[in-house]
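Q: This is entry.pdb, which holds PDB, C-alpha atoms, pLDDT in the B column:
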```pdb
ATOM      1  CA  MET L   1       0.000   0.000   0.000  1.00 39.00           C
ATOM      2  CA  SER L   2       1.378   3.415  -0.985  1.00 50.00           C
ATOM      3  CA  THR L   3       1.993   6.060   1.676  1.00 60.00           C
ATOM      4  CA  LEU L   4       2.306   9.614   0.393  1.00 68.00           C
ATOM      5  CA  ASP L   5       4.226  12.155   2.432  1.00 83.00           C
ATOM      6  CA  PHE L   6       3.370  15.841   2.754  1.00 84.00           C
ATOM      7  CA  LYS L   7       6.332  17.017   0.662  1.00 88.00           C
ATOM      8  CA  GLN L   8       5.210  14.868  -2.292  1.00 90.00           C
ATOM      9  CA  THR L   9       1.539  15.784  -2.151  1.00 91.00           C
ATOM     10  CA  ILE L  10       2.035  19.540  -1.780  1.00 92.00           C
ATOM     11  CA  ALA L  11       4.647  19.550  -4.552  1.00 92.00           C
ATOM     12  CA  PHE L  12       2.319  17.750  -6.969  1.00 93.00           C
ATOM     13  CA  VAL L  13      -0.686  19.944  -6.098  1.00 93.00           C
ATOM     14  CA  ASN L  14       1.339  23.133  -6.579  1.00 93.00           C
ATOM     15  CA  LEU L  15       2.748  21.936  -9.909  1.00 93.00           C
ATOM     16  CA  ALA L  16      -0.619  20.645 -11.126  1.00 92.00           C
ATOM     17  CA  ASN L  17      -2.323  23.953 -10.317  1.00 92.00           C
ATOM     18  CA  THR L  18       0.393  26.190 -11.795  1.00 91.00           C
ATOM     19  CA  LEU L  19       1.899  23.986 -14.539  1.00 90.00           C
ATOM     20  CA  ASP L  20       5.097  25.955 -13.903  1.00 90.00           C
ATOM     21  CA  TYR L  21       8.135  24.327 -12.276  1.00 90.00           C
ATOM     22  CA  GLN L  22       9.693  27.626 -11.165  1.00 91.00           C
ATOM     23  CA  TYR L  23       6.544  28.958  -9.520  1.00 92.00           C
ATOM     24  CA  ALA L  24       5.565  25.578  -8.023  1.00 92.00           C
ATOM     25  CA  ALA L  25       9.056  25.115  -6.544  1.00 92.00           C
ATOM     26  CA  LYS L  26       8.944  28.574  -4.944  1.00 92.00           C
ATOM     27  CA  LYS L  27       5.457  27.929  -3.587  1.00 90.00           C
ATOM     28  CA  SER L  28       6.592  24.571  -2.169  1.00 90.00           C
ATOM     29  CA  GLY L  29       9.684  26.084  -0.563  1.00 89.00           C
ATOM     30  CA  ILE L  30      12.122  23.905  -2.503  1.00 91.00           C
ATOM     31  CA  THR L  31      14.385  24.212  -5.535  1.00 93.00           C
ATOM     32  CA  VAL L  32      13.314  23.217  -9.038  1.00 91.00           C
ATOM     33  CA  ASP L  33      15.667  20.217  -8.939  1.00 92.00           C
ATOM     34  CA  GLU L  34      14.124  19.111  -5.636  1.00 93.00           C
ATOM     35  CA  LEU L  35      10.662  19.534  -7.121  1.00 92.00           C
ATOM     36  CA  VAL L  36      11.557  17.360 -10.121  1.00 91.00           C
ATOM     37  CA  ARG L  37      12.971  14.649  -7.824  1.00 92.00           C
ATOM     38  CA  THR L  38       9.924  14.828  -5.544  1.00 93.00           C
ATOM     39  CA  ILE L  39       7.452  14.461  -8.397  1.00 92.00           C
ATOM     40  CA  LYS L  40       9.490  11.568  -9.806  1.00 92.00           C
ATOM     41  CA  ALA L  41       9.502   9.869  -6.390  1.00 92.00           C
ATOM     42  CA  LEU L  42       5.715  10.291  -6.202  1.00 91.00           C
ATOM     43  CA  GLU L  43       5.285   8.777  -9.663  1.00 92.00           C
ATOM     44  CA  GLU L  44       7.489   5.837  -8.672  1.00 91.00           C
ATOM     45  CA  GLU L  45       5.503   5.421  -5.450  1.00 89.00           C
ATOM     46  CA  LEU L  46       2.212   5.278  -7.390  1.00 90.00           C
ATOM     47  CA  ASN L  47       3.763   3.528 -10.390  1.00 92.00           C
ATOM     48  CA  VAL L  48       2.039   5.900 -12.825  1.00 93.00           C
ATOM     49  CA  LYS L  49       3.078   8.962 -14.862  1.00 93.00           C
ATOM     50  CA  LEU L  50       1.474  12.117 -13.492  1.00 92.00           C
ATOM     51  CA  ILE L  51       3.196  14.885 -15.477  1.00 91.00           C
ATOM     52  CA  ARG L  52       3.808  14.955 -19.229  1.00 86.00           C
ATOM     53  CA  PRO L  53       6.170  17.645 -20.554  1.00 69.00           C
ATOM     54  CA  GLU L  54       5.136  18.569 -24.105  1.00 63.00           C
ATOM     55  CA  GLY L  55       7.470  20.931 -25.956  1.00 59.00           C
ATOM     56  CA  GLY L  56       8.392  22.767 -22.786  1.00 65.00           C
ATOM     57  CA  VAL L  57       4.760  22.962 -21.660  1.00 77.00           C
ATOM     58  CA  VAL L  58       3.817  21.091 -18.472  1.00 83.00           C
ATOM     59  CA  GLU L  59       0.643  19.021 -18.722  1.00 90.00           C
ATOM     60  CA  LEU L  60      -1.107  16.538 -16.484  1.00 92.00           C
ATOM     61  CA  THR L  61      -1.513  13.021 -17.768  1.00 93.00           C
ATOM     62  CA  GLU L  62      -5.007  11.519 -17.823  1.00 93.00           C
ATOM     63  CA  ILE L  63      -4.395   9.658 -14.558  1.00 94.00           C
ATOM     64  CA  GLY L  64      -2.681  12.735 -13.097  1.00 92.00           C
ATOM     65  CA  ALA L  65      -5.826  14.798 -13.718  1.00 93.00           C
ATOM     66  CA  LYS L  66      -8.003  12.099 -12.124  1.00 94.00           C
ATOM     67  CA  LEU L  67      -5.773  11.853  -9.057  1.00 93.00           C
ATOM     68  CA  LEU L  68      -5.428  15.611  -8.536  1.00 93.00           C
ATOM     69  CA  PRO L  69      -8.639  16.029  -6.445  1.00 93.00           C
ATOM     70  CA  LEU L  70      -7.722  13.051  -4.247  1.00 92.00           C
ATOM     71  CA  ILE L  71      -4.099  14.128  -3.752  1.00 91.00           C
ATOM     72  CA  THR L  72      -5.297  17.684  -3.065  1.00 92.00           C
ATOM     73  CA  GLU L  73      -7.518  16.347  -0.299  1.00 92.00           C
ATOM     74  CA  ILE L  74      -4.578  14.380   1.153  1.00 89.00           C
ATOM     75  CA  ALA L  75      -2.363  17.491   1.027  1.00 89.00           C
ATOM     76  CA  GLN L  76      -5.028  19.507   2.850  1.00 89.00           C
ATOM     77  CA  LYS L  77      -5.305  16.844   5.558  1.00 88.00           C
ATOM     78  CA  HIS L  78      -1.503  16.770   5.884  1.00 85.00           C
ATOM     79  CA  ALA L  79      -1.472  20.555   6.283  1.00 86.00           C
ATOM     80  CA  LYS L  80      -4.241  20.381   8.906  1.00 87.00           C
ATOM     81  CA  LEU L  81      -2.333  17.681  10.786  1.00 87.00           C
ATOM     82  CA  LEU L  82       0.865  19.742  10.840  1.00 85.00           C
ATOM     83  CA  SER L  83      -1.079  22.808  11.959  1.00 85.00           C
ATOM     84  CA  VAL L  84      -2.639  20.930  14.873  1.00 84.00           C
ATOM     85  CA  VAL L  85       0.740  19.497  15.939  1.00 84.00           C
ATOM     86  CA  THR L  86       2.427  22.902  15.646  1.00 83.00           C
ATOM     87  CA  ASP L  87      -0.272  24.582  17.731  1.00 79.00           C
ATOM     88  CA  TYR L  88      -0.027  21.835  20.362  1.00 75.00           C
ATOM     89  CA  ARG L  89       3.758  22.143  20.634  1.00 74.00           C
ATOM     90  CA  LYS L  90       3.474  25.921  20.893  1.00 77.00           C
ATOM     91  CA  LYS L  91       0.884  25.594  23.657  1.00 72.00           C
ATOM     92  CA  GLU L  92       3.087  23.080  25.503  1.00 66.00           C
ATOM     93  CA  ALA L  93       6.087  25.405  25.255  1.00 66.00           C
ATOM     94  CA  GLU L  94       4.041  28.324  26.594  1.00 66.00           C
ATOM     95  CA  GLU L  95       2.725  26.260  29.496  1.00 66.00           C
ATOM     96  CA  ALA L  96       6.089  24.712  30.376  1.00 73.00           C
ATOM     97  CA  ILE L  97       8.055  26.028  33.330  1.00 80.00           C
ATOM     98  CA  LYS L  98      11.079  27.846  31.925  1.00 85.00           C
ATOM     99  CA  VAL L  99      14.360  26.924  33.607  1.00 85.00           C
ATOM    100  CA  THR L 100      17.549  28.794  32.722  1.00 85.00           C
ATOM    101  CA  VAL L 101      20.792  26.952  33.422  1.00 84.00           C
ATOM    102  CA  VAL L 102      24.480  27.818  33.307  1.00 78.00           C
ATOM    103  CA  PRO L 103      26.567  26.863  30.243  1.00 72.00           C
ATOM    104  CA  GLY L 104      27.992  23.362  30.611  1.00 72.00           C
ATOM    105  CA  PHE L 105      25.009  22.390  32.770  1.00 79.00           C
ATOM    106  CA  ALA L 106      25.203  18.785  31.534  1.00 79.00           C
ATOM    107  CA  ASN L 107      28.473  18.357  33.456  1.00 74.00           C
ATOM    108  CA  TYR L 108      26.888  19.069  36.836  1.00 78.00           C
ATOM    109  CA  GLN L 109      25.893  16.195  39.120  1.00 77.00           C
ATOM    110  CA  ALA L 110      22.384  17.600  39.462  1.00 78.00           C
ATOM    111  CA  ALA L 111      21.814  17.688  35.673  1.00 83.00           C
ATOM    112  CA  PRO L 112      20.315  14.161  35.301  1.00 85.00           C
ATOM    113  CA  VAL L 113      17.860  14.832  38.142  1.00 82.00           C
ATOM    114  CA  VAL L 114      16.801  18.208  36.730  1.00 82.00           C
ATOM    115  CA  LYS L 115      16.383  16.720  33.244  1.00 84.00           C
ATOM    116  CA  LYS L 116      14.232  13.905  34.611  1.00 85.00           C
ATOM    117  CA  LEU L 117      12.042  16.446  36.404  1.00 81.00           C
ATOM    118  CA  ALA L 118      11.799  18.429  33.160  1.00 81.00           C
ATOM    119  CA  GLN L 119      10.414  15.391  31.352  1.00 80.00           C
ATOM    120  CA  GLN L 120       7.897  14.686  34.093  1.00 80.00           C
ATOM    121  CA  HIS L 121       6.680  18.239  34.682  1.00 77.00           C
ATOM    122  CA  LYS L 122       6.908  20.067  31.338  1.00 79.00           C
ATOM    123  CA  MET L 123      10.023  22.090  32.056  1.00 81.00           C
ATOM    124  CA  ASN L 124      11.786  23.888  29.225  1.00 82.00           C
ATOM    125  CA  ILE L 125      15.557  24.034  29.908  1.00 84.00           C
ATOM    126  CA  VAL L 126      17.735  26.641  28.160  1.00 83.00           C
ATOM    127  CA  GLU L 127      21.353  27.690  28.699  1.00 84.00           C
ATOM    128  CA  ASP L 128      22.340  31.297  29.361  1.00 80.00           C
ATOM    129  CA  VAL L 129      25.557  32.949  30.508  1.00 72.00           C
ATOM    130  CA  ASP L 130      23.605  34.829  33.186  1.00 77.00           C
ATOM    131  CA  PRO L 131      20.685  32.718  34.477  1.00 81.00           C
ATOM    132  CA  MET L 132      20.087  35.144  37.344  1.00 79.00           C
ATOM    133  CA  ALA L 133      19.428  37.994  34.910  1.00 80.00           C
ATOM    134  CA  GLN L 134      16.860  35.834  33.094  1.00 82.00           C
ATOM    135  CA  LEU L 135      15.189  35.076  36.424  1.00 82.00           C
ATOM    136  CA  GLN L 136      15.131  38.705  37.551  1.00 80.00           C
ATOM    137  CA  GLN L 137      13.778  39.884  34.187  1.00 83.00           C
ATOM    138  CA  GLY L 138      10.950  37.360  34.319  1.00 80.00           C
ATOM    139  CA  GLU L 139      12.236  35.398  31.329  1.00 81.00           C
ATOM    140  CA  SER L 140      12.330  32.191  33.403  1.00 82.00           C
ATOM    141  CA  GLU L 141      10.630  30.841  36.515  1.00 81.00           C
ATOM    142  CA  LEU L 142      13.627  28.913  37.825  1.00 81.00           C
ATOM    143  CA  ALA L 143      17.396  29.256  37.434  1.00 82.00           C
ATOM    144  CA  PHE L 144      20.171  26.742  37.991  1.00 79.00           C
ATOM    145  CA  ILE L 145      23.278  28.664  39.026  1.00 77.00           C
ATOM    146  CA  SER L 146      26.723  27.685  40.252  1.00 71.00           C
ATOM    147  CA  TYR L 147      26.883  30.392  42.923  1.00 64.00           C
ATOM    148  CA  ALA L 148      24.574  32.829  44.674  1.00 54.00           C
ATOM    149  CA  GLY L 149      25.465  36.420  45.465  1.00 60.00           C
ATOM    150  CA  LYS L 150      23.130  39.010  46.952  1.00 64.00           C
ATOM    151  CA  LEU L 151      19.573  38.164  45.893  1.00 69.00           C
ATOM    152  CA  PRO L 152      16.278  40.050  46.266  1.00 72.00           C
ATOM    153  CA  ASP L 153      14.316  39.163  49.408  1.00 75.00           C
ATOM    154  CA  ASP L 154      11.572  37.423  47.422  1.00 75.00           C
ATOM    155  CA  PHE L 155      14.050  35.014  45.796  1.00 77.00           C
ATOM    156  CA  GLU L 156      14.605  31.608  47.351  1.00 76.00           C
ATOM    157  CA  VAL L 157      17.842  29.624  47.007  1.00 76.00           C
ATOM    158  CA  LEU L 158      17.861  25.846  47.260  1.00 75.00           C
ATOM    159  CA  SER L 159      21.244  24.120  47.382  1.00 74.00           C
ATOM    160  CA  VAL L 160      21.361  20.894  45.341  1.00 70.00           C
ATOM    161  CA  GLY L 161      25.033  20.087  45.831  1.00 68.00           C
ATOM    162  CA  THR L 162      28.558  21.412  45.535  1.00 70.00           C
ATOM    163  CA  ASP L 163      31.160  21.255  42.787  1.00 67.00           C
ATOM    164  CA  ASP L 164      34.911  21.670  42.769  1.00 68.00           C
ATOM    165  CA  LEU L 165      36.566  24.609  41.079  1.00 73.00           C
ATOM    166  CA  VAL L 166      37.943  23.138  37.854  1.00 74.00           C
ATOM    167  CA  ALA L 167      41.013  24.034  35.802  1.00 78.00           C
ATOM    168  CA  TYR L 168      41.280  22.623  32.273  1.00 80.00           C
ATOM    169  CA  ILE L 169      44.918  21.756  31.529  1.00 82.00           C
ATOM    170  CA  PRO L 170      46.487  20.950  28.112  1.00 81.00           C
ATOM    171  CA  ALA L 171      47.538  17.295  27.889  1.00 80.00           C
ATOM    172  CA  ARG L 172      51.173  18.293  27.312  1.00 81.00           C
ATOM    173  CA  ASN L 173      51.286  20.157  30.638  1.00 83.00           C
ATOM    174  CA  PRO L 174      52.734  17.931  33.445  1.00 85.00           C
ATOM    175  CA  LEU L 175      49.968  19.169  35.754  1.00 84.00           C
ATOM    176  CA  SER L 176      47.448  17.262  33.615  1.00 83.00           C
ATOM    177  CA  GLU L 177      48.718  14.044  35.236  1.00 86.00           C
ATOM    178  CA  GLN L 178      47.545  15.191  38.682  1.00 84.00           C
ATOM    179  CA  LYS L 179      44.083  14.256  39.906  1.00 81.00           C
ATOM    180  CA  GLU L 180      43.875  17.324  42.138  1.00 83.00           C
ATOM    181  CA  LEU L 181      45.429  20.786  41.914  1.00 83.00           C
ATOM    182  CA  THR L 182      46.169  23.460  44.497  1.00 83.00           C
ATOM    183  CA  PHE L 183      46.359  27.186  43.867  1.00 80.00           C
ATOM    184  CA  THR L 184      50.088  26.899  44.538  1.00 82.00           C
ATOM    185  CA  ASP L 185      50.386  24.496  41.587  1.00 84.00           C
ATOM    186  CA  LEU L 186      48.762  27.088  39.321  1.00 82.00           C
ATOM    187  CA  LYS L 187      50.552  30.260  40.393  1.00 80.00           C
ATOM    188  CA  THR L 188      53.035  30.216  37.478  1.00 82.00           C
ATOM    189  CA  GLU L 189      50.501  29.151  34.822  1.00 85.00           C
ATOM    190  CA  LYS L 190      48.913  31.353  32.155  1.00 84.00           C
ATOM    191  CA  PHE L 191      45.124  31.303  31.906  1.00 86.00           C
ATOM    192  CA  LEU L 192      42.353  31.763  29.397  1.00 85.00           C
ATOM    193  CA  THR L 193      39.429  33.180  31.377  1.00 83.00           C
ATOM    194  CA  LEU L 194      35.888  34.396  30.866  1.00 80.00           C
ATOM    195  CA  ASN L 195      35.372  38.128  30.360  1.00 81.00           C
ATOM    196  CA  HIS L 196      36.051  39.814  33.719  1.00 78.00           C
ATOM    197  CA  GLN L 197      32.536  41.320  33.710  1.00 74.00           C
ATOM    198  CA  ASN L 198      30.898  37.901  33.344  1.00 74.00           C
ATOM    199  CA  PRO L 199      29.177  36.868  36.621  1.00 68.00           C
ATOM    200  CA  PHE L 200      30.949  33.496  36.512  1.00 71.00           C
ATOM    201  CA  ALA L 201      34.323  35.175  36.051  1.00 78.00           C
ATOM    202  CA  VAL L 202      33.642  37.555  38.941  1.00 79.00           C
ATOM    203  CA  PHE L 203      32.850  34.595  41.178  1.00 76.00           C
ATOM    204  CA  VAL L 204      36.064  32.778  40.181  1.00 80.00           C
ATOM    205  CA  GLN L 205      38.108  35.921  40.815  1.00 81.00           C
ATOM    206  CA  GLN L 206      36.560  36.291  44.263  1.00 81.00           C
ATOM    207  CA  VAL L 207      37.257  32.670  45.178  1.00 80.00           C
ATOM    208  CA  CYS L 208      40.844  32.909  43.930  1.00 83.00           C
ATOM    209  CA  ALA L 209      41.413  36.198  45.751  1.00 84.00           C
ATOM    210  CA  ALA L 210      40.084  34.697  48.989  1.00 83.00           C
ATOM    211  CA  ALA L 211      42.710  31.948  48.611  1.00 80.00           C
ATOM    212  CA  GLY L 212      45.469  34.486  47.950  1.00 83.00           C
ATOM    213  CA  PHE L 213      45.730  33.555  44.268  1.00 81.00           C
ATOM    214  CA  ASP L 214      45.528  35.949  41.318  1.00 84.00           C
ATOM    215  CA  PRO L 215      45.338  33.989  38.030  1.00 83.00           C
ATOM    216  CA  TYR L 216      47.439  35.485  35.221  1.00 84.00           C
ATOM    217  CA  SER L 217      44.986  35.846  32.326  1.00 85.00           C
ATOM    218  CA  VAL L 218      46.425  36.155  28.812  1.00 84.00           C
ATOM    219  CA  PHE L 219      43.047  36.051  27.070  1.00 86.00           C
ATOM    220  CA  GLU L 220      39.435  36.753  27.999  1.00 86.00           C
ATOM    221  CA  GLY L 221      36.597  35.092  26.099  1.00 82.00           C
ATOM    222  CA  GLU L 222      32.809  35.237  26.115  1.00 78.00           C
ATOM    223  CA  LYS L 223      32.051  31.497  26.089  1.00 73.00           C
ATOM    224  CA  GLY L 224      33.492  28.803  28.325  1.00 71.00           C
ATOM    225  CA  ARG L 225      33.176  26.147  25.622  1.00 70.00           C
ATOM    226  CA  THR L 226      35.377  28.202  23.282  1.00 77.00           C
ATOM    227  CA  LEU L 227      38.034  28.567  25.968  1.00 79.00           C
ATOM    228  CA  VAL L 228      38.013  24.832  26.664  1.00 75.00           C
ATOM    229  CA  ASN L 229      38.507  24.137  22.953  1.00 78.00           C
ATOM    230  CA  MET L 230      41.440  26.565  22.891  1.00 80.00           C
ATOM    231  CA  VAL L 231      42.985  24.786  25.876  1.00 78.00           C
ATOM    232  CA  ALA L 232      42.607  21.482  24.036  1.00 75.00           C
ATOM    233  CA  LEU L 233      44.732  23.009  21.275  1.00 75.00           C
ATOM    234  CA  GLY L 234      47.389  23.882  23.852  1.00 66.00           C
ATOM    235  CA  ASP L 235      46.826  27.644  24.037  1.00 58.00           C
ATOM    236  CA  GLY L 236      46.791  27.878  27.832  1.00 56.00           C
ATOM    237  CA  ASP L 237      44.986  26.797  30.974  1.00 56.00           C
ATOM    238  CA  ASN L 238      41.334  27.573  31.502  1.00 55.00           C
ATOM    239  CA  LEU L 239      39.953  28.288  34.959  1.00 51.00           C
ATOM    240  CA  VAL L 240      36.274  27.421  35.011  1.00 48.00           C
ATOM    241  CA  ASP L 241      33.862  28.413  37.724  1.00 42.00           C
ATOM    242  CA  GLY L 242      32.038  26.191  40.153  1.00 37.00           C
ATOM    243  CA  THR L 243      31.415  26.198  43.891  1.00 33.00           C
ATOM    244  CA  ILE L 244      34.238  25.249  46.186  1.00 31.00           C
ATOM    245  CA  ASN L 245      33.755  22.170  48.352  1.00 32.00           C
ATOM    246  CA  LYS L 246      34.308  23.232  51.930  1.00 26.00           C
TER     247      LYS L 246
END
```
Show me the file's structure as C-alpha cells.

A:
Amino acid sequence: MSTLDFKQTIAFVNLANTLDYQYAAKKSGITVDELVRTIKALEEELNVKLIRPEGGVVELTEIGAKLLPLITEIAQKHAKLLSVVTDYRKKEAEEAIKVTVVPGFANYQAAPVVKKLAQQHKMNIVEDVDPMAQLQQGESELAFISYAGKLPDDFEVLSVGTDDLVAYIPARNPLSEQKELTFTDLKTEKFLTLNHQNPFAVFVQQVCAAAGFDPYSVFEGEKGRTLVNMVALGDGDNLVDGTINK
C-alpha cells in the first residue's frame, strides 16, 4: 500500500495547479531540482506517470488529472495535521516552566535529576551565561546557578550540591597528570578566562582572591566552551567556575 508524504503531495498539487516548475518550486519552498525529484519519487511510489512535458509545456496526464482532487484532499489533511501538531507544541512550550541553566550544565551532578524532572513536569531548559538575569527579568521561573550572590528578598535559594573549582589543563602540561590541583600548583601558569565582567568570572576571581591567588589571564573570552577548545589546542589553561567544596 502506498503512503504519500506531505512534501510529495504539496509539490504535486502546486505543480498541477500552476503547470510551472519555477513557480511551483517557490510555492513549495524547494528548488526546481528538488521539485523534479519529488514528483518523480511520487510517480514511482504510485507507479504511474502524473506529469507529461510537451514541448516545454507542463501538462497533467489523464491519470494525473483524475488523481489531482484526491491528492489535493490528502495534502489539505496533511497541512491540517501539521497545523494541529504545531499549535499543540506551541501551547506546551508556553505552558512549560522555563528553567535557565548555566553553560555546561550537563556536566553538573544535578543535571540528570533536573532533566528527569523536566520530562515529568513540562520544564523547558535553556542555557544562558547569566541565568540570574533571566530570572530577575521574568524570562524564566527557575534558574540553575553555580553560585549565589546578593539576591532580592523574594528570591529563594535551594542548594542541590557542591562542585569543585575546575582548571582545564592541556595534555602536554605535566599538571594534567595530577588528579587534584592546588592554587600553589597554578601560580606560574597562564590562563584563558571568561570576560572579567561575566558573573561566573567575577565569582572565580573572588574565590581565587580569597585563597590568595591571582590567576594570570592572557586572554578573555565570552564562552566557556570556546576557551576549553582553545585549551585542548594547547593555548593555555582555563579556569572554570564552580562552587568550592568546603

Q: Given the file shown, determine the residues that the PyMOL selection byres ((chain L and resi 28) around 8) selects; report them as a PDB file with C-alpha atoms, in the frame of the given file.

A:
```
ATOM      1  CA  ILE L  10       2.035  19.540  -1.780  1.00 92.00           C
ATOM      2  CA  ALA L  11       4.647  19.550  -4.552  1.00 92.00           C
ATOM      3  CA  ASN L  14       1.339  23.133  -6.579  1.00 93.00           C
ATOM      4  CA  ALA L  24       5.565  25.578  -8.023  1.00 92.00           C
ATOM      5  CA  ALA L  25       9.056  25.115  -6.544  1.00 92.00           C
ATOM      6  CA  LYS L  26       8.944  28.574  -4.944  1.00 92.00           C
ATOM      7  CA  LYS L  27       5.457  27.929  -3.587  1.00 90.00           C
ATOM      8  CA  GLY L  29       9.684  26.084  -0.563  1.00 89.00           C
ATOM      9  CA  ILE L  30      12.122  23.905  -2.503  1.00 91.00           C
TER      10      ILE L  30
END
```

Q: Evaluated on this file, the PyMOL selection byres ((chain L and resi 16) around 10) picks out some residues - which ones are they, written as a VMD selection string?

A: chain L and resid 10 to 15 17 to 21 24 50 to 51 58 to 60 64 to 65 68 72

Q: With only C-alpha atoms as the basis for distance, which of L:Pro174, L:Ile97, L:Val157, L:Glu43 is at the shortest distance from Ser140 of chain L?

A: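 Checking each candidate against Ser140 of chain L, we get L:Ile97 as the closest.
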
Q: State, in Å with one decimal place, the distance from atom CA of Pro170 of chain L to atom CA of Gly212 of chain L.

A: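 Value for the atom CA of Pro170 of chain L-atom CA of Gly212 of chain L distance: 24.0 Å.
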
Q: For the file shown, what are the residues hit by the PyMOL selection byres ((chain L and resi 178-193) around 12), laid out as an MDAnalysis selection string?

A: chainID L and resid 164:171 173:177 194:198 200:205 207:232 234:241

Q: Kindly save the residues from that selection, with C-alpha atoms included, as a JSON list (two decimals), in the frame of the given file.

A:
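Printed below is result_21.json as written:
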```json
[["chain", "number", "residue", "atom", "x", "y", "z"],
["L", 164, "ASP", "CA", 34.91, 21.67, 42.77],
["L", 165, "LEU", "CA", 36.57, 24.61, 41.08],
["L", 166, "VAL", "CA", 37.94, 23.14, 37.85],
["L", 167, "ALA", "CA", 41.01, 24.03, 35.80],
["L", 168, "TYR", "CA", 41.28, 22.62, 32.27],
["L", 169, "ILE", "CA", 44.92, 21.76, 31.53],
["L", 170, "PRO", "CA", 46.49, 20.95, 28.11],
["L", 171, "ALA", "CA", 47.54, 17.30, 27.89],
["L", 173, "ASN", "CA", 51.29, 20.16, 30.64],
["L", 174, "PRO", "CA", 52.73, 17.93, 33.44],
["L", 175, "LEU", "CA", 49.97, 19.17, 35.75],
["L", 176, "SER", "CA", 47.45, 17.26, 33.62],
["L", 177, "GLU", "CA", 48.72, 14.04, 35.24],
["L", 194, "LEU", "CA", 35.89, 34.40, 30.87],
["L", 195, "ASN", "CA", 35.37, 38.13, 30.36],
["L", 196, "HIS", "CA", 36.05, 39.81, 33.72],
["L", 197, "GLN", "CA", 32.54, 41.32, 33.71],
["L", 198, "ASN", "CA", 30.90, 37.90, 33.34],
["L", 200, "PHE", "CA", 30.95, 33.50, 36.51],
["L", 201, "ALA", "CA", 34.32, 35.17, 36.05],
["L", 202, "VAL", "CA", 33.64, 37.56, 38.94],
["L", 203, "PHE", "CA", 32.85, 34.60, 41.18],
["L", 204, "VAL", "CA", 36.06, 32.78, 40.18],
["L", 205, "GLN", "CA", 38.11, 35.92, 40.82],
["L", 207, "VAL", "CA", 37.26, 32.67, 45.18],
["L", 208, "CYS", "CA", 40.84, 32.91, 43.93],
["L", 209, "ALA", "CA", 41.41, 36.20, 45.75],
["L", 210, "ALA", "CA", 40.08, 34.70, 48.99],
["L", 211, "ALA", "CA", 42.71, 31.95, 48.61],
["L", 212, "GLY", "CA", 45.47, 34.49, 47.95],
["L", 213, "PHE", "CA", 45.73, 33.56, 44.27],
["L", 214, "ASP", "CA", 45.53, 35.95, 41.32],
["L", 215, "PRO", "CA", 45.34, 33.99, 38.03],
["L", 216, "TYR", "CA", 47.44, 35.48, 35.22],
["L", 217, "SER", "CA", 44.99, 35.85, 32.33],
["L", 218, "VAL", "CA", 46.42, 36.16, 28.81],
["L", 219, "PHE", "CA", 43.05, 36.05, 27.07],
["L", 220, "GLU", "CA", 39.44, 36.75, 28.00],
["L", 221, "GLY", "CA", 36.60, 35.09, 26.10],
["L", 222, "GLU", "CA", 32.81, 35.24, 26.12],
["L", 223, "LYS", "CA", 32.05, 31.50, 26.09],
["L", 224, "GLY", "CA", 33.49, 28.80, 28.32],
["L", 225, "ARG", "CA", 33.18, 26.15, 25.62],
["L", 226, "THR", "CA", 35.38, 28.20, 23.28],
["L", 227, "LEU", "CA", 38.03, 28.57, 25.97],
["L", 228, "VAL", "CA", 38.01, 24.83, 26.66],
["L", 229, "ASN", "CA", 38.51, 24.14, 22.95],
["L", 230, "MET", "CA", 41.44, 26.56, 22.89],
["L", 231, "VAL", "CA", 42.98, 24.79, 25.88],
["L", 232, "ALA", "CA", 42.61, 21.48, 24.04],
["L", 234, "GLY", "CA", 47.39, 23.88, 23.85],
["L", 235, "ASP", "CA", 46.83, 27.64, 24.04],
["L", 236, "GLY", "CA", 46.79, 27.88, 27.83],
["L", 237, "ASP", "CA", 44.99, 26.80, 30.97],
["L", 238, "ASN", "CA", 41.33, 27.57, 31.50],
["L", 239, "LEU", "CA", 39.95, 28.29, 34.96],
["L", 240, "VAL", "CA", 36.27, 27.42, 35.01],
["L", 241, "ASP", "CA", 33.86, 28.41, 37.72]]
```

Q: Padding of 8 Å on every side, edges along x, y and z, all listed atoms of segment 95-104 of chain L included: what centre and edge lengths in Å, to one decimal, does that box have, as lines of an AutoDock Vina configuration file?

A:
```
center_x = 15.4
center_y = 26.1
center_z = 31.6
size_x = 41.3
size_y = 21.4
size_z = 20.1
```

Q: Give me, please, the distance in Å between atom CA of Lys7 of chain L and atom CA of Lys49 of chain L, quoted to one decimal.

A: 17.8 Å

Q: Work out how far apart atom CA of Asp5 of chain L and atom CA of Val57 of chain L are and give it in Å to one decimal.

A: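 Atom-to-atom, atom CA of Asp5 of chain L and atom CA of Val57 of chain L are spaced 26.4 Å apart.
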
Q: Show me, as a JSON list (two decimals) with C-alpha atoms, keeping the file's coordinate frame, the residues that have an atom within 9 Å of Glu139 of chain L when counting all atoms listed in the file, minus same-chain residues fewer than 3 positions from it.

A:
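around_39.json written:
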```
[["chain", "number", "residue", "atom", "x", "y", "z"],
["L", 98, "LYS", "CA", 11.08, 27.85, 31.92],
["L", 100, "THR", "CA", 17.55, 28.79, 32.72],
["L", 133, "ALA", "CA", 19.43, 37.99, 34.91],
["L", 134, "GLN", "CA", 16.86, 35.83, 33.09],
["L", 135, "LEU", "CA", 15.19, 35.08, 36.42],
["L", 136, "GLN", "CA", 15.13, 38.70, 37.55]]
```

Q: Which residue is closest to Ile71 of chain L? Choose from L:Ala96, L:Leu42, L:Leu233, L:Val113 and count all atoms listed in the file.

A: L:Leu42

Q: I'd like to know which of L:Glu127, L:Val84, L:Glu73, L:Glu156 is closest to Val102 of chain L, using only C-alpha atoms.

A: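 Going through L:Glu127, L:Val84, L:Glu73, L:Glu156 one by one, the smallest distance to Val102 of chain L is for L:Glu127.
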
Q: Using all atoms listed in the file, pick whichever of L:Asn47, L:Gln119, L:Gln109, L:Thr31 has the shortest atom-to-atom distance to Thr162 of chain L.

A: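 Among the listed residues, L:Gln109 lies closest to Thr162 of chain L.
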